[in-house]
Structure formats: C-alpha cells, structure tokens
Amino acid sequence: MNKRKVTFTVNGERHELVVEPNELLLNVLREKLGLTGTKYACGKGQCGACTVLVNGESFLSCLTLAVAVDGAEIRTIEGVAEPDGTLDPIQEAFLDSSAIQCGFCTPGMVLMGRELLNRNPRATEEEIREQIKGNLCRCTGYFSIVRAIKSCCEK
Ligand code: FES
Ligand code: FES
C-alpha cells in the first residue's frame, strides 16, 4: 500500500508524518509521537480509553485512521494542562473528587468531561452520565467521576 503524508497539530505542535493508509490514529499517537496517555484497551470502539479530541470533538482513536485527520487539530490528555504544568480545572476536579483509581480510563474520561464543559458548562448530572456512557471504568463505580465533572459545572 502506498504511504501517505499527513499533517496535523497535536497539543499545539504541528507534525508532518508519513503513514500507512490503514494506520490508526491511536498507534500514530502512541508509537510515533510517544503520547502514551492515550490508552489502548479494547481496540474495538467499546471502552473509550483511546478518546482524543479532534477539532474539539471526541473521537475514538482506535477507530480513526490517521489519514482521516489530515489537517486537524488534535488534543490528547498530555495537552489538557497548561504548558507551564498548571492543571485544567477538570483535572483538578478529578483529583479533588478521588475520581482516579487505576487511571486507565482517566485520560478518556477527562477529555469527555472537557468536551462537555466546552459545549455545555452547566451540564446536568443526566447530561454528564450521557456524555460518559461509552467510557468504561472498572474501578470507581462512576460516582466520583460524575461528581468531579459536576463540580466543574457548578462553578
Ligand atoms: S481502545 Fe478505543 S474504544 Fe476501546
Ligand atoms: S480508574 Fe480504573 S478503569 Fe477507571
């Protein structure tokens, strides 16, 4: 298969890469750019661990071809905090609410929370639960995650 050149921005940094036409965004982020905060779990679109934001919208990077995001602006968990390391309010809220246990689902959950807050900063608990319904967490029982996102909506 003929390789393709793609250009996209990840966390504010422009990248020009040569990829296989069937190469997944998840693998490009983790293996070519070293951004391992984006997690590989089911690989089938069923858990949300690989969630990233593409032009501000949540995408499952395990189901997204790298060539499909040519020209896009991508944000991964590594790009949620400020460049000086100041955490985003949603990250602070996850810490304050003890919404992290093993942490495997956390990057996807934080990005889903961030996407919701950008779109609907006064989201209700129902809307929060709807937003994260595709993101699986085996540890927390979801209560603390919902509480964390809700605390940002109440501010
Ligand atoms: S790894 Fe992508 S949805 Fe599970
Ligand atoms: S904190 Fe372990 S899967 Fe969510």
# chains A, B, ... in the order shown; residues from 1 in each chain; ligands from 1

$ residues_near_ligand --ligand "ligand 1" --cutoff "10 Å" --atoms "only C-alpha atoms and all ligand atoms" --output "JSON, numbers by chain"
{"A": [26, 38, 39, 40, 41, 42, 43, 44, 45, 46, 47, 48, 49, 50, 51, 52, 59, 60, 61, 62, 63, 64, 105, 108, 134, 135, 136]}

$ write_last_selection --atoms "N, CA, C and O atoms" --output "JSON list (two decimals), in the first residue's frame"
[["chain", "number", "residue", "atom", "x", "y", "z"],
["A", 26, "LEU", "N", -4.58, 6.10, 16.91],
["A", 26, "LEU", "CA", -4.10, 5.63, 18.22],
["A", 26, "LEU", "C", -2.64, 5.20, 18.15],
["A", 26, "LEU", "O", -1.82, 5.57, 19.00],
["A", 38, "THR", "N", -2.82, 8.36, 25.78],
["A", 38, "THR", "CA", -3.99, 7.83, 25.06],
["A", 38, "THR", "C", -3.89, 6.31, 25.14],
["A", 38, "THR", "O", -2.93, 5.72, 24.65],
["A", 39, "LYS", "N", -4.87, 5.68, 25.77],
["A", 39, "LYS", "CA", -4.75, 4.26, 26.11],
["A", 39, "LYS", "C", -5.32, 3.33, 25.04],
["A", 39, "LYS", "O", -6.32, 3.65, 24.40],
["A", 40, "TYR", "N", -4.64, 2.21, 24.88],
["A", 40, "TYR", "CA", -5.14, 1.13, 24.02],
["A", 40, "TYR", "C", -5.72, 0.06, 24.93],
["A", 40, "TYR", "O", -5.00, -0.53, 25.72],
["A", 41, "ALA", "N", -7.03, -0.14, 24.80],
["A", 41, "ALA", "CA", -7.66, -1.17, 25.63],
["A", 41, "ALA", "C", -8.38, -2.17, 24.73],
["A", 41, "ALA", "O", -7.79, -3.15, 24.30],
["A", 42, "CYS", "N", -9.66, -1.91, 24.41],
["A", 42, "CYS", "CA", -10.41, -2.91, 23.62],
["A", 42, "CYS", "C", -10.00, -2.93, 22.15],
["A", 42, "CYS", "O", -10.05, -3.95, 21.50],
["A", 43, "GLY", "N", -9.64, -1.75, 21.63],
["A", 43, "GLY", "CA", -9.31, -1.67, 20.21],
["A", 43, "GLY", "C", -10.49, -1.85, 19.28],
["A", 43, "GLY", "O", -10.33, -2.00, 18.08],
["A", 44, "LYS", "N", -11.70, -1.80, 19.84],
["A", 44, "LYS", "CA", -12.90, -2.07, 19.03],
["A", 44, "LYS", "C", -13.97, -1.01, 19.19],
["A", 44, "LYS", "O", -15.14, -1.27, 18.89],
["A", 45, "GLY", "N", -13.62, 0.13, 19.77],
["A", 45, "GLY", "CA", -14.64, 1.17, 19.92],
["A", 45, "GLY", "C", -15.62, 0.92, 21.04],
["A", 45, "GLY", "O", -16.70, 1.50, 21.05],
["A", 46, "GLN", "N", -15.25, 0.10, 22.02],
["A", 46, "GLN", "CA", -16.24, -0.26, 23.03],
["A", 46, "GLN", "C", -15.92, 0.23, 24.44],
["A", 46, "GLN", "O", -16.66, -0.05, 25.37],
["A", 47, "CYS", "N", -14.79, 0.96, 24.62],
["A", 47, "CYS", "CA", -14.44, 1.31, 26.00],
["A", 47, "CYS", "C", -14.11, 2.78, 26.23],
["A", 47, "CYS", "O", -14.15, 3.26, 27.36],
["A", 48, "GLY", "N", -13.74, 3.51, 25.20],
["A", 48, "GLY", "CA", -13.46, 4.95, 25.35],
["A", 48, "GLY", "C", -12.08, 5.29, 25.88],
["A", 48, "GLY", "O", -11.74, 6.46, 26.02],
["A", 49, "ALA", "N", -11.26, 4.27, 26.16],
["A", 49, "ALA", "CA", -9.94, 4.55, 26.74],
["A", 49, "ALA", "C", -9.03, 5.33, 25.77],
["A", 49, "ALA", "O", -8.10, 6.00, 26.19],
["A", 50, "CYS", "N", -9.33, 5.22, 24.49],
["A", 50, "CYS", "CA", -8.47, 5.83, 23.46],
["A", 50, "CYS", "C", -8.98, 7.20, 23.00],
["A", 50, "CYS", "O", -8.53, 7.70, 21.97],
["A", 51, "THR", "N", -9.91, 7.78, 23.76],
["A", 51, "THR", "CA", -10.56, 9.04, 23.34],
["A", 51, "THR", "C", -9.55, 10.19, 23.20],
["A", 51, "THR", "O", -8.70, 10.39, 24.08],
["A", 52, "VAL", "N", -9.67, 10.91, 22.12],
["A", 52, "VAL", "CA", -8.93, 12.18, 21.94],
["A", 52, "VAL", "C", -9.92, 13.20, 21.40],
["A", 52, "VAL", "O", -11.02, 12.84, 20.97],
["A", 59, "PHE", "N", -13.24, 11.74, 19.67],
["A", 59, "PHE", "CA", -13.08, 10.68, 18.68],
["A", 59, "PHE", "C", -12.44, 9.49, 19.37],
["A", 59, "PHE", "O", -11.59, 9.66, 20.25],
["A", 60, "LEU", "N", -12.82, 8.30, 18.92],
["A", 60, "LEU", "CA", -12.14, 7.09, 19.39],
["A", 60, "LEU", "C", -10.96, 6.86, 18.46],
["A", 60, "LEU", "O", -11.13, 6.54, 17.27],
["A", 61, "SER", "N", -9.76, 7.04, 18.99],
["A", 61, "SER", "CA", -8.59, 6.97, 18.11],
["A", 61, "SER", "C", -8.30, 5.55, 17.64],
["A", 61, "SER", "O", -7.56, 5.36, 16.68],
["A", 62, "CYS", "N", -8.91, 4.54, 18.30],
["A", 62, "CYS", "CA", -8.70, 3.16, 17.82],
["A", 62, "CYS", "C", -9.55, 2.85, 16.60],
["A", 62, "CYS", "O", -9.37, 1.80, 15.98],
["A", 63, "LEU", "N", -10.48, 3.75, 16.30],
["A", 63, "LEU", "CA", -11.33, 3.53, 15.11],
["A", 63, "LEU", "C", -11.10, 4.62, 14.07],
["A", 63, "LEU", "O", -11.86, 4.72, 13.11],
["A", 64, "THR", "N", -10.10, 5.45, 14.28],
["A", 64, "THR", "CA", -9.88, 6.60, 13.39],
["A", 64, "THR", "C", -8.58, 6.41, 12.63],
["A", 64, "THR", "O", -7.52, 6.21, 13.24],
["A", 105, "CYS", "N", -8.82, 4.51, 32.61],
["A", 105, "CYS", "CA", -9.91, 5.19, 31.90],
["A", 105, "CYS", "C", -9.79, 6.70, 31.97],
["A", 105, "CYS", "O", -10.50, 7.42, 31.28],
["A", 108, "GLY", "N", -9.42, 9.29, 28.91],
["A", 108, "GLY", "CA", -10.66, 9.37, 28.12],
["A", 108, "GLY", "C", -11.76, 10.09, 28.88],
["A", 108, "GLY", "O", -12.49, 10.90, 28.31],
["A", 134, "GLY", "N", -20.22, 5.89, 27.09],
["A", 134, "GLY", "CA", -19.42, 4.98, 26.27],
["A", 134, "GLY", "C", -18.03, 4.73, 26.83],
["A", 134, "GLY", "O", -17.23, 4.00, 26.23],
["A", 135, "ASN", "N", -17.72, 5.35, 27.96],
["A", 135, "ASN", "CA", -16.38, 5.21, 28.55],
["A", 135, "ASN", "C", -16.47, 4.28, 29.76],
["A", 135, "ASN", "O", -17.15, 4.58, 30.73],
["A", 136, "LEU", "N", -15.78, 3.18, 29.67],
["A", 136, "LEU", "CA", -15.87, 2.19, 30.75],
["A", 136, "LEU", "C", -14.85, 2.46, 31.84],
["A", 136, "LEU", "O", -13.71, 2.84, 31.56]]

$ closest_atom_pairs --of "chain A" --to "ligand 2" --cutoff "10 Å" --atoms "only C-alpha atoms and all ligand atoms" --output "tab-separated table"
residue	atom	partner	partner_atom_place_in_ligand_line	distance
A:Cys47	CA	ligand 2	3 (S)	9.7
A:Ala49	CA	ligand 2	3 (S)	8.7
A:Ser98	CA	ligand 2	1 (S)	9.6
A:Ala99	CA	ligand 2	1 (S)	7.0
A:Ile100	CA	ligand 2	1 (S)	4.7
A:Gln101	CA	ligand 2	1 (S)	4.0
A:Cys102	CA	ligand 2	2 (Fe)	3.9
A:Gly103	CA	ligand 2	1 (S)	4.3
A:Phe104	CA	ligand 2	3 (S)	5.0
A:Cys105	CA	ligand 2	4 (Fe)	4.3
A:Thr106	CA	ligand 2	4 (Fe)	6.0
A:Pro107	CA	ligand 2	4 (Fe)	9.5
A:Gly108	CA	ligand 2	4 (Fe)	9.5
A:Met109	CA	ligand 2	4 (Fe)	8.4
A:Asn135	CA	ligand 2	4 (Fe)	8.9
A:Leu136	CA	ligand 2	3 (S)	6.7
A:Cys137	CA	ligand 2	4 (Fe)	3.7
A:Arg138	CA	ligand 2	3 (S)	4.3
A:Cys139	CA	ligand 2	2 (Fe)	4.3
A:Thr140	CA	ligand 2	1 (S)	5.7
A:Gly141	CA	ligand 2	4 (Fe)	8.2
A:Tyr142	CA	ligand 2	4 (Fe)	8.0
A:Ser144	CA	ligand 2	1 (S)	9.9
A:Ile145	CA	ligand 2	4 (Fe)	8.8

$ select_by_dssp --residues "stretch 33-111 of chain A" --states "strand (DSSP E)" --output "ChimeraX atom specification"
/A:51-54,57-60,73-75

$ residues_around --residues "A:Pro121" --least-positions-apart "5" --cutoff "8 Å" --atoms "only C-alpha atoms" --output "mmCIF file with N, CA and C atoms, in the first residue's frame"
data_model
loop_
_atom_site.group_PDB
_atom_site.id
_atom_site.type_symbol
_atom_site.label_atom_id
_atom_site.label_comp_id
_atom_site.auth_asym_id
_atom_site.auth_seq_id
_atom_site.Cartn_x
_atom_site.Cartn_y
_atom_site.Cartn_z
ATOM 1 N N LEU A 116 -17.505 18.150 27.102
ATOM 2 C CA LEU A 116 -18.834 18.535 27.579
ATOM 3 C C LEU A 116 -18.809 19.952 28.152
ATOM 4 N N CYS A 152 -17.298 20.917 38.305
ATOM 5 C CA CYS A 152 -16.864 21.959 37.355
ATOM 6 C C CYS A 152 -18.075 22.697 36.788
ATOM 7 N N CYS A 153 -19.170 21.979 36.609
ATOM 8 C CA CYS A 153 -20.388 22.617 36.064
ATOM 9 C C CYS A 153 -20.996 23.568 37.084
#

$ select_by_dssp --residues "stretch 66-128 of chain A" --states "helix (DSSP H, G or I)" --output "count of residues only"
33

$ closest_residue --among "A:Val110, A:Ala66, A:Leu35, A:Val54" --to "A:Thr7" --atoms "only C-alpha atoms"
A:Ala66

$ residues_around --residues "A:Asp88" --least-positions-apart "4" --cutoff "10 Å" --atoms "only C-alpha atoms" --output "PyMOL selection string"
chain A and resi 79-82+92-93+110+114

$ closest_residue --among "A:Leu87, A:Val146, A:Met112, A:Ile77" --to "A:Gly37" --atoms "only C-alpha atoms"
A:Ile77

$ residues_around --residues "stretch 70-73 of chain A" --least-positions-apart "2" --cutoff "8 Å" --atoms "only C-alpha atoms" --output "short mmCIF file (atom, residue, chain, number, x, y, z; two decimals) with N, CA, C and O atoms, in the first residue's frame"
data_model
loop_
_atom_site.label_atom_id
_atom_site.label_comp_id
_atom_site.auth_asym_id
_atom_site.auth_seq_id
_atom_site.Cartn_x
_atom_site.Cartn_y
_atom_site.Cartn_z
N VAL A 6 0.76 13.03 6.02
CA VAL A 6 -0.31 13.76 6.71
C VAL A 6 0.32 14.84 7.58
O VAL A 6 1.45 14.71 8.06
N THR A 7 -0.45 15.89 7.75
CA THR A 7 -0.01 16.98 8.61
C THR A 7 -1.13 17.29 9.59
O THR A 7 -2.27 17.48 9.18
N PHE A 8 -0.82 17.24 10.87
CA PHE A 8 -1.82 17.69 11.85
C PHE A 8 -1.12 18.28 13.06
O PHE A 8 0.09 18.15 13.23
N THR A 9 -1.94 18.95 13.85
CA THR A 9 -1.43 19.58 15.06
C THR A 9 -1.85 18.75 16.25
O THR A 9 -3.01 18.38 16.36
N VAL A 10 -0.90 18.43 17.10
CA VAL A 10 -1.22 17.68 18.32
C VAL A 10 -0.77 18.51 19.51
O VAL A 10 0.42 18.84 19.64
N ASN A 11 -1.72 18.87 20.34
CA ASN A 11 -1.45 19.69 21.54
C ASN A 11 -0.65 20.95 21.17
O ASN A 11 0.31 21.32 21.85
N GLY A 12 -1.04 21.54 20.05
CA GLY A 12 -0.43 22.81 19.64
C GLY A 12 0.84 22.67 18.83
O GLY A 12 1.39 23.67 18.35
N VAL A 54 -10.65 15.82 18.43
CA VAL A 54 -10.25 16.20 17.07
C VAL A 54 -11.10 17.41 16.70
O VAL A 54 -12.34 17.32 16.66
N ASN A 55 -10.44 18.54 16.49
CA ASN A 55 -11.16 19.79 16.26
C ASN A 55 -12.23 20.01 17.33
O ASN A 55 -13.36 20.44 17.04
N GLY A 56 -11.89 19.66 18.57
CA GLY A 56 -12.77 19.91 19.71
C GLY A 56 -13.82 18.84 19.96
O GLY A 56 -14.55 18.91 20.94
N ALA A 66 -5.36 7.60 10.66
CA ALA A 66 -4.54 8.82 10.72
C ALA A 66 -4.77 9.70 9.49
O ALA A 66 -4.82 10.93 9.59
N VAL A 67 -4.99 9.08 8.34
CA VAL A 67 -5.22 9.88 7.12
C VAL A 67 -6.53 10.65 7.18
O VAL A 67 -6.68 11.67 6.51
N ALA A 68 -7.45 10.18 8.02
CA ALA A 68 -8.76 10.85 8.12
C ALA A 68 -8.67 12.15 8.92
O ALA A 68 -9.60 12.96 8.89
N ARG A 75 -6.20 17.07 20.32
CA ARG A 75 -5.76 17.26 21.71
C ARG A 75 -5.80 15.92 22.42
O ARG A 75 -6.80 15.20 22.37
#

$ closest_residue --among "A:Glu127, A:Glu78, A:Glu13, A:Asp96" --to "A:Thr36" --atoms "only C-alpha atoms"
A:Glu78

$ closest_residue --among "A:Asn2, A:Glu126, A:Leu24, A:Ile90" --to "A:Ser151" --atoms "only C-alpha atoms"
A:Ile90

$ closest_residue --among "A:Met1, A:Thr76, A:Lys32, A:Asn22" --to "A:Glu57" --atoms "only C-alpha atoms"
A:Thr76

$ atom_distance --atom1 "atom CA of A:Val28" --atom2 "atom CA of A:Leu111"
18.5 Å

$ atom_distance --atom1 "atom CA of A:Ile132" --atom2 "atom CA of A:His15"
29.6 Å

$ atom_distance --atom1 "atom CA of A:Leu95" --atom2 "atom CA of A:Leu29"
25.2 Å
